[in-house]
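*Asks:* For reference, the file entry.cif (mmCIF, C-alpha atoms) is included below:
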```
data_model
loop_
_atom_site.label_atom_id
_atom_site.label_comp_id
_atom_site.auth_asym_id
_atom_site.auth_seq_id
_atom_site.Cartn_x
_atom_site.Cartn_y
_atom_site.Cartn_z
CA MET A 260 -7.49 19.98 -20.34
CA SER A 261 -4.60 17.63 -21.09
CA MET A 262 -4.82 14.01 -19.99
CA GLN A 263 -1.85 14.61 -17.70
CA GLN A 264 -3.69 17.39 -15.89
CA GLN A 265 -6.87 15.31 -15.71
CA ILE A 266 -4.98 12.45 -14.04
CA ILE A 267 -3.29 14.84 -11.61
CA ASP A 268 -6.67 16.31 -10.71
CA ASP A 269 -8.29 12.87 -10.36
CA LEU A 270 -5.54 11.66 -8.02
CA LYS A 271 -5.33 15.02 -6.19
CA VAL A 272 -1.53 15.24 -6.35
CA GLN A 273 0.14 18.56 -5.49
CA PRO A 274 3.27 19.67 -7.40
CA THR A 275 5.14 20.28 -4.14
CA ILE A 276 4.50 19.50 -0.49
CA GLU A 277 5.71 20.62 2.90
CA PRO A 278 6.36 17.30 4.66
CA ASP A 279 5.60 18.34 8.24
CA ALA A 280 2.31 19.92 7.18
CA GLU A 281 1.37 16.79 5.22
CA ILE A 282 2.16 14.59 8.20
CA ARG A 283 -0.03 16.76 10.44
CA LYS A 284 -2.90 16.71 7.93
CA ARG A 285 -2.78 12.93 7.50
CA VAL A 286 -2.49 12.19 11.21
CA ASP A 287 -5.53 14.39 11.85
CA PHE A 288 -7.37 12.61 9.03
CA LEU A 289 -6.74 9.25 10.69
CA LYS A 290 -7.73 10.53 14.14
CA SER A 291 -10.97 11.99 12.85
CA TYR A 292 -11.93 8.79 11.05
CA ILE A 293 -11.14 6.61 14.06
CA GLU A 294 -13.42 8.71 16.26
CA LYS A 295 -16.16 8.92 13.64
CA SER A 296 -16.13 5.15 13.09
CA GLY A 297 -16.15 4.24 16.78
CA SER A 298 -13.19 1.93 16.25
CA ASN A 299 -10.44 1.10 18.73
CA GLY A 300 -7.60 2.06 16.41
CA LEU A 301 -5.77 0.94 13.32
CA LEU A 302 -4.20 -2.14 11.77
CA ILE A 303 -1.34 -1.76 9.31
CA ALA A 304 0.45 -4.55 7.44
CA ILE A 305 4.17 -3.74 7.54
CA SER A 306 5.88 -5.27 4.53
CA GLY A 307 9.37 -3.91 5.11
CA GLY A 308 8.98 -1.31 2.36
CA ILE A 309 8.80 2.46 2.51
CA ASP A 310 5.06 2.86 1.89
CA SER A 311 3.97 0.69 4.79
CA ALA A 312 6.67 2.22 6.99
CA VAL A 313 5.31 5.71 6.36
CA ALA A 314 1.74 4.56 6.90
CA ALA A 315 2.79 2.85 10.14
CA GLY A 316 4.43 6.03 11.39
CA LEU A 317 1.30 8.05 10.68
CA CYS A 318 -0.93 5.43 12.32
CA LYS A 319 1.14 5.21 15.49
CA ARG A 320 1.26 8.97 15.84
CA ALA A 321 -2.52 9.19 15.36
CA THR A 322 -3.39 6.55 17.97
CA ASP A 323 -0.82 7.87 20.44
CA GLU A 324 -2.32 11.36 20.20
CA LEU A 325 -5.86 10.05 20.58
CA SER A 326 -4.89 7.96 23.59
CA GLU A 327 -3.28 10.96 25.24
CA SER A 328 -6.14 13.35 24.55
CA THR A 329 -9.00 11.00 25.52
CA GLY A 330 -7.51 8.83 28.24
CA LYS A 331 -8.66 5.73 26.34
CA GLU A 332 -6.13 3.39 24.74
CA TYR A 333 -6.25 3.42 20.96
CA LYS A 334 -4.10 0.77 19.32
CA THR A 335 -1.98 0.59 16.22
CA VAL A 336 -1.41 -3.08 15.44
CA GLY A 337 1.42 -3.91 13.06
CA VAL A 338 1.11 -7.17 11.12
CA PHE A 339 4.03 -8.88 9.40
CA GLN A 340 2.92 -11.31 6.69
CA PRO A 341 5.71 -13.37 5.15
CA TYR A 342 5.04 -16.15 2.68
CA GLY A 343 7.32 -18.83 4.10
CA SER A 344 10.62 -17.07 4.72
CA GLN A 345 11.08 -13.38 3.90
CA VAL A 346 14.64 -12.20 3.44
CA ASP A 347 13.90 -8.62 4.49
CA ILE A 348 11.48 -9.24 7.34
CA HIS A 349 14.01 -7.59 9.63
CA ASP A 350 12.95 -4.32 7.98
CA SER A 351 9.37 -4.93 9.11
CA TYR A 352 10.57 -5.37 12.68
CA ALA A 353 12.86 -2.33 12.33
CA THR A 354 9.85 -0.22 11.35
CA ALA A 355 7.90 -1.38 14.39
CA GLU A 356 10.87 -0.64 16.62
CA ALA A 357 11.43 2.80 15.08
CA PHE A 358 7.85 3.79 15.96
CA ASP A 359 7.80 2.02 19.34
CA MET A 360 4.89 -0.20 18.37
CA LYS A 361 3.61 -2.15 21.37
CA TYR A 362 1.30 -4.40 19.35
CA LYS A 363 2.85 -6.43 16.53
CA VAL A 364 2.22 -9.95 15.26
CA GLU A 365 3.60 -12.18 12.52
CA THR A 366 1.11 -14.16 10.42
CA ASN A 367 2.76 -16.43 7.87
CA VAL A 368 0.35 -16.84 4.96
CA GLN A 369 2.06 -19.73 3.16
CA LYS A 370 -0.33 -22.50 4.28
CA GLY A 371 -3.38 -20.47 3.32
CA VAL A 372 -2.00 -19.37 -0.04
CA ASP A 373 -0.83 -22.87 -0.96
CA ALA A 374 -4.20 -24.35 -0.01
CA ILE A 375 -6.03 -21.88 -2.24
CA GLU A 376 -3.56 -22.48 -5.07
CA GLU A 377 -4.15 -26.23 -4.79
CA ILE A 378 -7.92 -25.78 -4.98
CA VAL A 379 -7.69 -23.52 -8.02
CA ASN A 380 -5.15 -25.69 -9.82
CA SER A 381 -7.38 -28.74 -9.27
CA VAL A 382 -9.97 -27.30 -11.67
CA MET A 383 -7.61 -25.75 -14.22
CA PRO A 384 -7.50 -28.84 -16.48
CA GLN A 385 -11.29 -28.59 -16.84
CA LEU A 386 -10.69 -25.07 -18.16
CA GLU A 387 -7.97 -26.20 -20.58
CA GLN A 388 -5.11 -24.78 -18.58
CA GLU A 389 -2.53 -26.70 -16.57
CA GLU A 390 -2.13 -24.34 -13.62
CA ILE A 391 -2.33 -20.71 -12.57
CA THR A 392 0.38 -18.22 -13.51
CA PRO A 393 2.95 -16.77 -11.06
CA GLN A 394 1.11 -13.46 -11.33
CA ALA A 395 -2.18 -15.09 -10.36
CA LYS A 396 -0.51 -16.72 -7.36
CA GLY A 397 0.93 -13.32 -6.43
CA ASN A 398 -2.60 -11.93 -6.34
CA ILE A 399 -3.72 -14.85 -4.17
CA LYS A 400 -0.95 -13.91 -1.73
CA ALA A 401 -2.14 -10.30 -1.59
CA ARG A 402 -5.78 -11.31 -1.10
CA THR A 403 -4.95 -13.92 1.53
CA ARG A 404 -2.97 -11.34 3.46
CA MET A 405 -5.98 -9.04 3.42
CA VAL A 406 -8.32 -11.80 4.66
CA VAL A 407 -6.00 -12.32 7.63
CA GLN A 408 -5.79 -8.59 8.30
CA TYR A 409 -9.56 -8.27 8.41
CA GLY A 410 -9.85 -11.34 10.63
CA ILE A 411 -7.64 -9.61 13.21
CA ALA A 412 -9.15 -6.17 12.68
CA ASN A 413 -12.73 -7.39 13.08
CA ALA A 414 -11.89 -9.16 16.32
CA LEU A 415 -10.31 -6.03 17.79
CA ASN A 416 -12.61 -3.41 16.20
CA LEU A 417 -9.77 -1.83 14.20
CA LEU A 418 -9.68 -0.10 10.83
CA VAL A 419 -7.47 -1.66 8.16
CA VAL A 420 -5.11 0.95 6.74
CA GLY A 421 -3.93 0.88 3.14
CA THR A 422 -0.55 1.95 1.78
CA ASP A 423 -1.52 2.74 -1.82
CA HIS A 424 -0.53 6.12 -3.19
CA ALA A 425 -0.89 8.08 -6.43
CA SER A 426 2.18 6.57 -8.10
CA GLU A 427 0.58 3.15 -7.69
CA ALA A 428 -2.90 4.36 -8.58
CA ILE A 429 -1.82 5.80 -11.93
CA THR A 430 -0.42 2.43 -13.03
CA GLY A 431 -2.94 0.25 -11.23
CA PHE A 432 0.00 -1.33 -9.43
CA PHE A 433 -1.98 -2.94 -6.64
CA THR A 434 -4.09 -6.06 -6.31
CA LYS A 435 -7.81 -5.54 -6.65
CA TYR A 436 -9.43 -6.82 -3.44
CA GLY A 437 -5.93 -7.45 -2.10
CA ASP A 438 -3.85 -4.53 -0.90
CA GLY A 439 -6.47 -2.30 -2.56
CA ALA A 440 -9.19 -3.57 -0.19
CA VAL A 441 -8.89 -1.40 2.91
CA ASP A 442 -10.86 0.97 5.12
CA ILE A 443 -8.74 4.09 4.79
CA THR A 444 -5.77 5.28 2.72
CA PRO A 445 -3.70 8.09 4.27
CA LEU A 446 -1.17 8.23 1.40
CA SER A 447 -3.51 8.30 -1.59
CA SER A 448 -2.78 11.82 -2.88
CA LEU A 449 1.02 11.54 -2.58
CA ASN A 450 3.37 10.37 -5.30
CA LYS A 451 6.31 8.10 -4.54
CA ARG A 452 8.77 10.99 -4.21
CA GLN A 453 6.50 12.69 -1.70
CA VAL A 454 6.09 9.46 0.28
CA ARG A 455 9.87 9.39 0.55
CA GLN A 456 9.85 12.97 1.82
CA LEU A 457 7.44 12.03 4.60
CA ALA A 458 9.57 8.98 5.39
CA SER A 459 12.61 11.14 6.07
CA HIS A 460 10.65 13.40 8.42
CA LEU A 461 8.95 10.54 10.27
CA GLY A 462 12.19 8.70 11.02
CA VAL A 463 11.81 5.63 8.79
CA PRO A 464 14.96 3.47 9.11
CA GLN A 465 17.67 4.17 6.54
CA SER A 466 17.77 0.55 5.38
CA ILE A 467 14.20 0.95 4.17
CA LEU A 468 14.87 4.30 2.50
CA ASP A 469 17.73 2.72 0.54
CA LYS A 470 16.02 -0.45 -0.75
CA ALA A 471 14.44 -0.95 -4.18
CA PRO A 472 10.62 -0.82 -4.08
CA THR A 473 9.00 -4.24 -4.51
CA ALA A 474 5.56 -5.75 -4.02
CA GLY A 475 7.28 -8.95 -2.87
CA LEU A 476 4.81 -11.23 -4.64
CA TRP A 477 7.46 -13.34 -6.36
CA GLU A 478 11.22 -13.73 -6.22
CA ASN A 479 13.41 -10.85 -7.46
CA GLN A 480 10.39 -8.74 -8.38
CA THR A 481 10.85 -4.95 -8.37
CA ASP A 482 8.22 -2.35 -9.16
CA GLU A 483 10.25 -0.37 -11.67
CA THR A 484 11.40 -3.43 -13.61
CA GLU A 485 7.90 -4.84 -13.82
CA LEU A 486 6.33 -1.56 -14.89
CA GLY A 487 9.17 -0.43 -17.15
CA ILE A 488 8.89 3.09 -15.71
CA SER A 489 11.01 4.70 -13.02
CA TYR A 490 9.37 6.25 -9.98
CA ALA A 491 11.28 9.43 -10.81
CA ASP A 492 9.46 9.71 -14.14
CA ASN A 493 6.19 8.63 -12.54
CA SER A 494 6.50 11.32 -9.86
CA ASP A 495 7.58 13.98 -12.35
CA TYR A 496 4.49 13.27 -14.44
CA LEU A 497 2.21 13.54 -11.41
CA GLU A 498 3.85 16.85 -10.47
CA GLY A 499 2.96 18.28 -13.90
CA LYS A 500 6.49 18.16 -15.30
CA THR A 501 7.39 17.26 -18.86
CA ILE A 502 8.77 13.75 -19.30
CA ALA A 503 9.72 11.72 -22.36
CA PRO A 504 6.61 11.39 -24.58
CA ALA A 505 6.95 7.60 -24.79
CA VAL A 506 7.01 7.31 -20.99
CA ALA A 507 4.03 9.66 -20.62
CA GLU A 508 2.13 7.62 -23.18
CA LYS A 509 2.92 4.42 -21.28
CA LEU A 510 1.71 5.91 -17.98
CA GLU A 511 -1.51 7.08 -19.60
CA SER A 512 -2.03 3.65 -21.15
CA TYR A 513 -1.66 2.03 -17.72
CA TYR A 514 -4.12 4.55 -16.29
CA LYS A 515 -6.76 3.84 -18.92
CA ARG A 516 -6.65 0.07 -18.77
CA THR A 517 -6.58 -0.15 -14.97
CA ALA A 518 -9.56 2.16 -14.47
CA HIS A 519 -11.61 -0.80 -13.20
CA LYS A 520 -9.32 -0.99 -10.16
CA ARG A 521 -10.07 2.59 -9.14
CA ASP A 522 -13.72 2.89 -10.13
CA PRO A 523 -16.74 1.78 -8.08
CA ILE A 524 -18.13 -1.64 -8.96
CA PRO A 525 -20.41 -1.16 -11.98
CA GLY A 526 -24.03 -2.08 -11.67
CA ILE A 527 -27.32 -1.68 -13.46
#
```
Written as structure tokens, how would this file's structure read?
*Replies:*
Amino acid sequence: MSMQQQIIDDLKVQPTIEPDAEIRKRVDFLKSYIEKSGSNGLLIAISGGIDSAVAAGLCKRATDELSESTGKEYKTVGVFQPYGSQVDIHDSYATAEAFDMKYKVETNVQKGVDAIEEIVNSVMPQLEQEEITPQAKGNIKARTRMVVQYGIANALNLLVVGTDHASEAITGFFTKYGDGAVDITPLSSLNKRQVRQLASHLGVPQSILDKAPTAGLWENQTDETELGISYADNSDYLEGKTIAPAVAEKLESYYKRTAHKRDPIPGI
């Protein structure tokens, strides 16, 4: 078996999807897990990007259906988490409005992130380094956001929903114990192209469909620039198509060296 096929099998990506059927399957998956866990619903951090918008749409549909069928209110809580000011936070609010989300809160993480950065930087000279890197601070942002999400979710007995998908998994493009630390991931077997297909069918706002994907961890960051690989090539690879050998090799290199992000914690 080729490495490409092994990765496709590991990440469970299908070469083509039927969007409405995928939406139905993923909504049912969420509903089943909510009932099995005894939780009161779902919490989703809405960044203003397409992945969280799709996840939010699935979550809201799942809790609405459960509420209707059981007579008990199940909540989807949307959380907006800027660091200071966020130029596109209007897209987070537009997502909540598009899916008629009753419960939504804004939790600015700047004070928490800066406090942690100050603590870490205070010991860096002892370790022969002046201060942490921008990338390390970006990971602190992601992990601080997740601490806040779990604080809210625990108080309300909600499940924290992740937005990671196969196009991020293949490159390890998520923060370990940050956005990768969640209870359930309804997008995990979709590539980025397929996430976009679901977005169109769910009614994600056009402004979000049109924007460049970004993790938003530092200024002017975009996924494709940072990775050096387009999501078109990434999705083609995960659909079993032939792409430029150098790009395929780069994707496979990312996959190998980020295995620790996807694997269970090793022990002995």
*Asks:* Pull the closest atom pair for each residue of region 364-439 of chain A that gets at most 12 Å from region 337-348 of chain A, along with the distance in Å to one decimal, counting all atoms listed in the file, ordering rows by chain and then ascending residue number, as a Markdown table.
*Replies:*
```
| residue | atom | partner | partner_atom | distance |
| --- | --- | --- | --- | --- |
| A:Val364 | CA | A:Val338 | CA | 5.1 |
| A:Glu365 | CA | A:Phe339 | CA | 4.6 |
| A:Thr366 | CA | A:Gln340 | CA | 5.0 |
| A:Asn367 | CA | A:Pro341 | CA | 5.0 |
| A:Val368 | CA | A:Tyr342 | CA | 5.3 |
| A:Gln369 | CA | A:Tyr342 | CA | 4.7 |
| A:Lys370 | CA | A:Tyr342 | CA | 8.5 |
| A:Gly371 | CA | A:Tyr342 | CA | 9.5 |
| A:Val372 | CA | A:Tyr342 | CA | 8.2 |
| A:Asp373 | CA | A:Tyr342 | CA | 9.6 |
| A:Lys396 | CA | A:Tyr342 | CA | 11.5 |
| A:Gly397 | CA | A:Tyr342 | CA | 10.4 |
| A:Ile399 | CA | A:Tyr342 | CA | 11.2 |
| A:Lys400 | CA | A:Tyr342 | CA | 7.8 |
| A:Ala401 | CA | A:Gln340 | CA | 9.8 |
| A:Arg402 | CA | A:Gln340 | CA | 11.7 |
| A:Thr403 | CA | A:Gln340 | CA | 9.8 |
| A:Arg404 | CA | A:Gln340 | CA | 6.7 |
| A:Met405 | CA | A:Gln340 | CA | 9.7 |
| A:Val406 | CA | A:Gln340 | CA | 11.4 |
| A:Val407 | CA | A:Gln340 | CA | 9.0 |
| A:Gln408 | CA | A:Val338 | CA | 7.6 |
| A:Tyr409 | CA | A:Val338 | CA | 11.1 |
| A:Gly410 | CA | A:Val338 | CA | 11.7 |
| A:Ile411 | CA | A:Val338 | CA | 9.3 |
| A:Ala412 | CA | A:Val338 | CA | 10.4 |
| A:Leu417 | CA | A:Gly337 | CA | 11.4 |
| A:Leu418 | CA | A:Gly337 | CA | 11.9 |
| A:Val419 | CA | A:Gly337 | CA | 10.4 |
| A:Val420 | CA | A:Gly337 | CA | 10.3 |
```
*Asks:* Pick the closest to Leu486 (chain A) from A:Phe432, A:Pro464, A:Pro445, A:Ser459: which is it, counting all atoms listed in the file?
*Replies:*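 Comparing A:Phe432, A:Pro464, A:Pro445, A:Ser459 against Leu486 (chain A), the winner is A:Phe432.
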*Asks:* Between A:Ile429, A:Met360, A:Ala304, A:Leu461, single out the one closest to Thr322 (chain A), counting all atoms listed in the file.
*Replies:* A:Met360
*Asks:* Could you list as a PyMOL selection string every residue that has an atom within 12 Å of (8.1, 9.7, 2.3), using the file's coordinates and counting all atoms listed in the file?
*Replies:* chain A and resi 276-279+281-282+308-317+422+424+446+449-465+467-468
*Asks:* Using all atoms listed in the file, find the one residue out of A:Lys520, A:Arg285, A:Lys319, A:Lys334 that sits nearest to Ala355 (chain A).
*Replies:* A:Lys319
*Asks:* Taking the file as I've supplied it (selection: the PyMOL selection byres ((chain A and resi 439) around 9)), which residues are included? Please answer as a list in words.
*Replies:*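 That selection, the PyMOL selection byres ((chain A and resi 439) around 9), comes back as Gly421, Thr422, Asp423, Phe433, Thr434, Lys435, Tyr436, Gly437, Asp438, Ala440, Val441, Lys520 and Arg521 of chain A.
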*Asks:* Have a look at A:Pro274, A:Gly307, A:Gly487, A:Pro393 and name the one nearest to Tyr513 (chain A); count only C-alpha atoms.
*Replies:*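 Checking each of A:Pro274, A:Gly307, A:Gly487, A:Pro393 against Tyr513 (chain A), counting only C-alpha atoms, the winner is A:Gly487.
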*Asks:* Using all atoms listed in the file, pick whichever of A:Glu376, A:Glu327, A:Asp359, A:Ser512 has the shortest atom-to-atom distance to Lys290 (chain A).
*Replies:*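 Distance minimum relative to Lys290 (chain A) lands on A:Glu327.
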*Asks:* What residues come out when you apply the PyMOL selection byres ((chain A and resi 500-510) around 12) to this file, written as a count of residues only?
*Replies:* 37
*Asks:* Using the chain letters and numbers from this file, what does the PyMOL selection byres ((chain A and resi 300) around 9) select? Give the answer as a PDB file with C-alpha atoms, in the frame of the given file.
*Replies:*
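Okay, result_30.pdb is ready:
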```pdb
ATOM      1  CA  LYS A 290      -7.730  10.530  14.140  1.00  0.00           C
ATOM      2  CA  ILE A 293     -11.140   6.610  14.060  1.00  0.00           C
ATOM      3  CA  GLU A 294     -13.420   8.710  16.260  1.00  0.00           C
ATOM      4  CA  GLY A 297     -16.150   4.240  16.780  1.00  0.00           C
ATOM      5  CA  SER A 298     -13.190   1.930  16.250  1.00  0.00           C
ATOM      6  CA  ASN A 299     -10.440   1.100  18.730  1.00  0.00           C
ATOM      7  CA  LEU A 301      -5.770   0.940  13.320  1.00  0.00           C
ATOM      8  CA  LEU A 302      -4.200  -2.140  11.770  1.00  0.00           C
ATOM      9  CA  CYS A 318      -0.930   5.430  12.320  1.00  0.00           C
ATOM     10  CA  ALA A 321      -2.520   9.190  15.360  1.00  0.00           C
ATOM     11  CA  THR A 322      -3.390   6.550  17.970  1.00  0.00           C
ATOM     12  CA  GLU A 332      -6.130   3.390  24.740  1.00  0.00           C
ATOM     13  CA  TYR A 333      -6.250   3.420  20.960  1.00  0.00           C
ATOM     14  CA  LYS A 334      -4.100   0.770  19.320  1.00  0.00           C
ATOM     15  CA  THR A 335      -1.980   0.590  16.220  1.00  0.00           C
ATOM     16  CA  VAL A 336      -1.410  -3.080  15.440  1.00  0.00           C
ATOM     17  CA  LEU A 415     -10.310  -6.030  17.790  1.00  0.00           C
ATOM     18  CA  ASN A 416     -12.610  -3.410  16.200  1.00  0.00           C
ATOM     19  CA  LEU A 417      -9.770  -1.830  14.200  1.00  0.00           C
ATOM     20  CA  LEU A 418      -9.680  -0.100  10.830  1.00  0.00           C
TER      21      LEU A 418
END
```
*Asks:* Given the block above, output region 505-515 of chain A with all heavy atoms as a PDB file, in the first residue's frame.
*Replies:*
```
ATOM      1  N   ALA A 505       6.805  16.772  -5.367  1.00  0.00           N
ATOM      2  CA  ALA A 505       7.432  17.552  -4.288  1.00  0.00           C
ATOM      3  C   ALA A 505       6.414  17.944  -3.233  1.00  0.00           C
ATOM      4  O   ALA A 505       6.722  17.973  -2.028  1.00  0.00           O
ATOM      5  CB  ALA A 505       8.106  18.802  -4.861  1.00  0.00           C
ATOM      6  N   VAL A 506       5.188  18.244  -3.661  1.00  0.00           N
ATOM      7  CA  VAL A 506       4.128  18.624  -2.711  1.00  0.00           C
ATOM      8  C   VAL A 506       3.686  17.396  -1.915  1.00  0.00           C
ATOM      9  O   VAL A 506       3.486  17.464  -0.702  1.00  0.00           O
ATOM     10  CB  VAL A 506       2.940  19.264  -3.438  1.00  0.00           C
ATOM     11  CG1 VAL A 506       1.844  19.642  -2.448  1.00  0.00           C
ATOM     12  CG2 VAL A 506       3.384  20.501  -4.212  1.00  0.00           C
ATOM     13  N   ALA A 507       3.546  16.259  -2.598  1.00  0.00           N
ATOM     14  CA  ALA A 507       3.173  15.022  -1.914  1.00  0.00           C
ATOM     15  C   ALA A 507       4.225  14.651  -0.871  1.00  0.00           C
ATOM     16  O   ALA A 507       3.887  14.260   0.258  1.00  0.00           O
ATOM     17  CB  ALA A 507       3.006  13.894  -2.929  1.00  0.00           C
ATOM     18  N   GLU A 508       5.482  14.803  -1.245  1.00  0.00           N
ATOM     19  CA  GLU A 508       6.567  14.496  -0.314  1.00  0.00           C
ATOM     20  C   GLU A 508       6.521  15.414   0.912  1.00  0.00           C
ATOM     21  O   GLU A 508       6.749  14.975   2.047  1.00  0.00           O
ATOM     22  CB  GLU A 508       7.908  14.642  -1.029  1.00  0.00           C
ATOM     23  CG  GLU A 508       9.107  14.255  -0.176  1.00  0.00           C
ATOM     24  CD  GLU A 508      10.427  14.357  -0.935  1.00  0.00           C
ATOM     25  OE1 GLU A 508      10.395  14.488  -2.175  1.00  0.00           O
ATOM     26  OE2 GLU A 508      11.475  14.316  -0.267  1.00  0.00           O
ATOM     27  N   LYS A 509       6.192  16.681   0.685  1.00  0.00           N
ATOM     28  CA  LYS A 509       6.109  17.632   1.791  1.00  0.00           C
ATOM     29  C   LYS A 509       4.957  17.275   2.729  1.00  0.00           C
ATOM     30  O   LYS A 509       5.099  17.320   3.955  1.00  0.00           O
ATOM     31  CB  LYS A 509       5.940  19.046   1.243  1.00  0.00           C
ATOM     32  CG  LYS A 509       6.129  20.149   2.267  1.00  0.00           C
ATOM     33  CD  LYS A 509       6.182  21.520   1.585  1.00  0.00           C
ATOM     34  CE  LYS A 509       6.539  22.607   2.588  1.00  0.00           C
ATOM     35  NZ  LYS A 509       6.652  23.941   1.947  1.00  0.00           N
ATOM     36  N   LEU A 510       3.803  16.916   2.155  1.00  0.00           N
ATOM     37  CA  LEU A 510       2.665  16.506   2.981  1.00  0.00           C
ATOM     38  C   LEU A 510       3.014  15.276   3.814  1.00  0.00           C
ATOM     39  O   LEU A 510       2.687  15.205   5.009  1.00  0.00           O
ATOM     40  CB  LEU A 510       1.455  16.205   2.095  1.00  0.00           C
ATOM     41  CG  LEU A 510       0.618  17.392   1.634  1.00  0.00           C
ATOM     42  CD1 LEU A 510      -0.351  16.957   0.549  1.00  0.00           C
ATOM     43  CD2 LEU A 510      -0.140  18.017   2.806  1.00  0.00           C
ATOM     44  N   GLU A 511       3.661  14.321   3.197  1.00  0.00           N
ATOM     45  CA  GLU A 511       4.027  13.090   3.910  1.00  0.00           C
ATOM     46  C   GLU A 511       5.055  13.363   5.000  1.00  0.00           C
ATOM     47  O   GLU A 511       5.022  12.736   6.070  1.00  0.00           O
ATOM     48  CB  GLU A 511       4.526  12.051   2.911  1.00  0.00           C
ATOM     49  CG  GLU A 511       3.395  11.534   2.022  1.00  0.00           C
ATOM     50  CD  GLU A 511       3.863  10.783   0.777  1.00  0.00           C
ATOM     51  OE1 GLU A 511       5.102  10.620   0.609  1.00  0.00           O
ATOM     52  OE2 GLU A 511       3.004  10.368  -0.030  1.00  0.00           O
ATOM     53  N   SER A 512       5.945  14.310   4.746  1.00  0.00           N
ATOM     54  CA  SER A 512       6.921  14.696   5.765  1.00  0.00           C
ATOM     55  C   SER A 512       6.223  15.330   6.972  1.00  0.00           C
ATOM     56  O   SER A 512       6.538  15.011   8.123  1.00  0.00           O
ATOM     57  CB  SER A 512       7.936  15.675   5.164  1.00  0.00           C
ATOM     58  OG  SER A 512       8.825  16.145   6.154  1.00  0.00           O
ATOM     59  N   TYR A 513       5.271  16.218   6.701  1.00  0.00           N
ATOM     60  CA  TYR A 513       4.477  16.804   7.789  1.00  0.00           C
ATOM     61  C   TYR A 513       3.781  15.699   8.585  1.00  0.00           C
ATOM     62  O   TYR A 513       3.754  15.722   9.824  1.00  0.00           O
ATOM     63  CB  TYR A 513       3.408  17.748   7.227  1.00  0.00           C
ATOM     64  CG  TYR A 513       3.838  19.174   6.978  1.00  0.00           C
ATOM     65  CD1 TYR A 513       3.647  19.772   5.738  1.00  0.00           C
ATOM     66  CD2 TYR A 513       4.395  19.953   7.995  1.00  0.00           C
ATOM     67  CE1 TYR A 513       4.024  21.094   5.495  1.00  0.00           C
ATOM     68  CE2 TYR A 513       4.760  21.270   7.770  1.00  0.00           C
ATOM     69  CZ  TYR A 513       4.571  21.832   6.521  1.00  0.00           C
ATOM     70  OH  TYR A 513       4.932  23.141   6.300  1.00  0.00           O
ATOM     71  N   TYR A 514       3.202  14.747   7.866  1.00  0.00           N
ATOM     72  CA  TYR A 514       2.433  13.693   8.526  1.00  0.00           C
ATOM     73  C   TYR A 514       3.321  12.867   9.458  1.00  0.00           C
ATOM     74  O   TYR A 514       2.930  12.555  10.592  1.00  0.00           O
ATOM     75  CB  TYR A 514       1.798  12.788   7.471  1.00  0.00           C
ATOM     76  CG  TYR A 514       0.809  11.799   8.034  1.00  0.00           C
ATOM     77  CD1 TYR A 514      -0.448  12.207   8.448  1.00  0.00           C
ATOM     78  CD2 TYR A 514       1.125  10.443   8.144  1.00  0.00           C
ATOM     79  CE1 TYR A 514      -1.376  11.308   8.967  1.00  0.00           C
ATOM     80  CE2 TYR A 514       0.211   9.537   8.657  1.00  0.00           C
ATOM     81  CZ  TYR A 514      -1.039   9.977   9.066  1.00  0.00           C
ATOM     82  OH  TYR A 514      -1.947   9.080   9.579  1.00  0.00           O
ATOM     83  N   LYS A 515       4.515  12.550   9.001  1.00  0.00           N
ATOM     84  CA  LYS A 515       5.421  11.730   9.805  1.00  0.00           C
ATOM     85  C   LYS A 515       5.865  12.462  11.068  1.00  0.00           C
ATOM     86  O   LYS A 515       5.857  11.903  12.166  1.00  0.00           O
ATOM     87  CB  LYS A 515       6.642  11.337   8.982  1.00  0.00           C
ATOM     88  CG  LYS A 515       6.361  10.341   7.862  1.00  0.00           C
ATOM     89  CD  LYS A 515       7.612  10.132   7.022  1.00  0.00           C
ATOM     90  CE  LYS A 515       7.347   9.227   5.834  1.00  0.00           C
ATOM     91  NZ  LYS A 515       8.547   9.108   4.951  1.00  0.00           N
TER      92      LYS A 515
END
```
